[in-house]
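Right, one structure below, let's go through it.
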Amino acid sequence: MHSSLPDFDMPSDEQVHLAAETFRLLADPTRIRVLWALLQGESSVACLAELAGAAPTAVSQHLAKLRLAGLVKGRREGTFVYYSAANEHVRSLLDQALFHAGKIDV
């Protein structure tokens, strides 16, 4: 049935897996708070921990996973690392999730 649709194109298994992994990483309240804070500007682990209401070690572990997933990036300055959202696509993901939750109007 779908094969008869002229523009029907299923994503590849790898694309589906990577999308599911992104959603899995976003399925944590602390990570959403951290990402939302990073969308406001660059920040340190200590500041993010305070904003997210979590321990710095926990925030650091969350950031490591988000960085590996390409959702955040880090910039080293001496012994400190400052994090930021990787790109505007991260904002779009969070905007849509929060819109669906009734937080914001997109």
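Lettering and numbering for the structure tokens are positional, with chains as A, B, ... in the shown order, residues counted from 1 in each chain, and ligands counted from 1 in the shown order.
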Original post:
So which bits of chain A end up helix (DSSP H, G or I) when you DSSP the backbone, as number ranges by chain?
Top reply: A: 2-4, 13-26, 29-40, 45-52, 56-68, 88-100
Original post:
Tell me, which residues of chain A carry DSSP strand (DSSP E or B), written as a ChimeraX atom specification?
Top reply: /A:43-44,72-77,80-85
**OP:** Just the residues within 12 Å of region 90-96 of chain A, please, counting only C-alpha atoms, with nothing from its chain fewer than 5 positions along; format it as a PyMOL selection string.
**Re:** chain A and resi 19+22-23+25-27+29+31-41+66-67+69-73+84-85+101-106
Using only C-alpha atoms, please write the residues we just selected to a file, as a PDB file, in the first residue's frame.
```
ATOM      1  CA  ALA A  19      16.598   9.366  16.451  1.00  0.00           C
ATOM      2  CA  THR A  22      18.312  11.229  20.879  1.00  0.00           C
ATOM      3  CA  PHE A  23      14.836  10.944  22.366  1.00  0.00           C
ATOM      4  CA  LEU A  25      18.825  11.110  26.004  1.00  0.00           C
ATOM      5  CA  LEU A  26      16.216  13.846  26.225  1.00  0.00           C
ATOM      6  CA  ALA A  27      13.966  11.711  28.440  1.00  0.00           C
ATOM      7  CA  PRO A  29      14.364  16.168  33.499  1.00  0.00           C
ATOM      8  CA  ARG A  31      19.124  16.975  30.925  1.00  0.00           C
ATOM      9  CA  ILE A  32      16.213  19.092  29.721  1.00  0.00           C
ATOM     10  CA  ARG A  33      16.976  21.722  32.385  1.00  0.00           C
ATOM     11  CA  VAL A  34      20.669  21.678  31.486  1.00  0.00           C
ATOM     12  CA  LEU A  35      19.977  21.995  27.765  1.00  0.00           C
ATOM     13  CA  TRP A  36      17.451  24.787  28.343  1.00  0.00           C
ATOM     14  CA  ALA A  37      20.028  26.680  30.421  1.00  0.00           C
ATOM     15  CA  LEU A  38      22.643  26.181  27.701  1.00  0.00           C
ATOM     16  CA  LEU A  39      20.282  27.610  25.121  1.00  0.00           C
ATOM     17  CA  GLN A  40      20.405  30.848  27.126  1.00  0.00           C
ATOM     18  CA  GLY A  41      24.199  30.935  26.838  1.00  0.00           C
ATOM     19  CA  LEU A  66      24.924  14.930  25.711  1.00  0.00           C
ATOM     20  CA  ARG A  67      28.316  15.833  24.239  1.00  0.00           C
ATOM     21  CA  ALA A  69      25.370  12.596  21.244  1.00  0.00           C
ATOM     22  CA  GLY A  70      26.346  15.897  19.622  1.00  0.00           C
ATOM     23  CA  LEU A  71      23.772  17.934  21.561  1.00  0.00           C
ATOM     24  CA  VAL A  72      26.290  20.046  23.496  1.00  0.00           C
ATOM     25  CA  LYS A  73      29.846  21.187  22.948  1.00  0.00           C
ATOM     26  CA  SER A  84      26.951  25.419  25.116  1.00  0.00           C
ATOM     27  CA  ALA A  85      24.206  23.905  22.997  1.00  0.00           C
ATOM     28  CA  ALA A 101       4.002  19.865  27.249  1.00  0.00           C
ATOM     29  CA  GLY A 102       2.229  23.262  27.258  1.00  0.00           C
ATOM     30  CA  LYS A 103       5.242  25.331  28.450  1.00  0.00           C
ATOM     31  CA  ILE A 104       5.800  27.619  25.483  1.00  0.00           C
ATOM     32  CA  ASP A 105       4.240  28.785  22.247  1.00  0.00           C
ATOM     33  CA  VAL A 106       6.371  28.062  19.194  1.00  0.00           C
TER      34      VAL A 106
END
```
Original post:
Do you know which residues are at most 8 Å from Val59 (chain A) counting only C-alpha atoms, after dropping those on the same chain fewer than 4 positions away, and could you put them as a PyMOL selection string?
Top reply: chain A and resi 30-31+34+45+48-49+54-55+63
Could you turn the residues from that selection into a file that holds C-alpha atoms, as a compact mmCIF listing (two decimals), in the first residue's frame?
```txt
# COMPACT_ATOMS: atom_id res chain seq x y z
CA THR A 30 17.89 17.19 34.52
CA ARG A 31 19.12 16.97 30.92
CA VAL A 34 20.67 21.68 31.49
CA VAL A 45 29.19 22.70 35.28
CA LEU A 48 24.41 24.37 35.42
CA ALA A 49 24.23 22.22 38.56
CA ALA A 54 21.49 18.69 40.79
CA ALA A 55 24.94 17.76 42.03
CA LEU A 63 26.94 16.65 29.89
```
**OP:** Could you check how far CA of Ala20 (chain A) sits from CA of Ala64 (chain A), in Å to one decimal?
**Re:** 18.3 Å
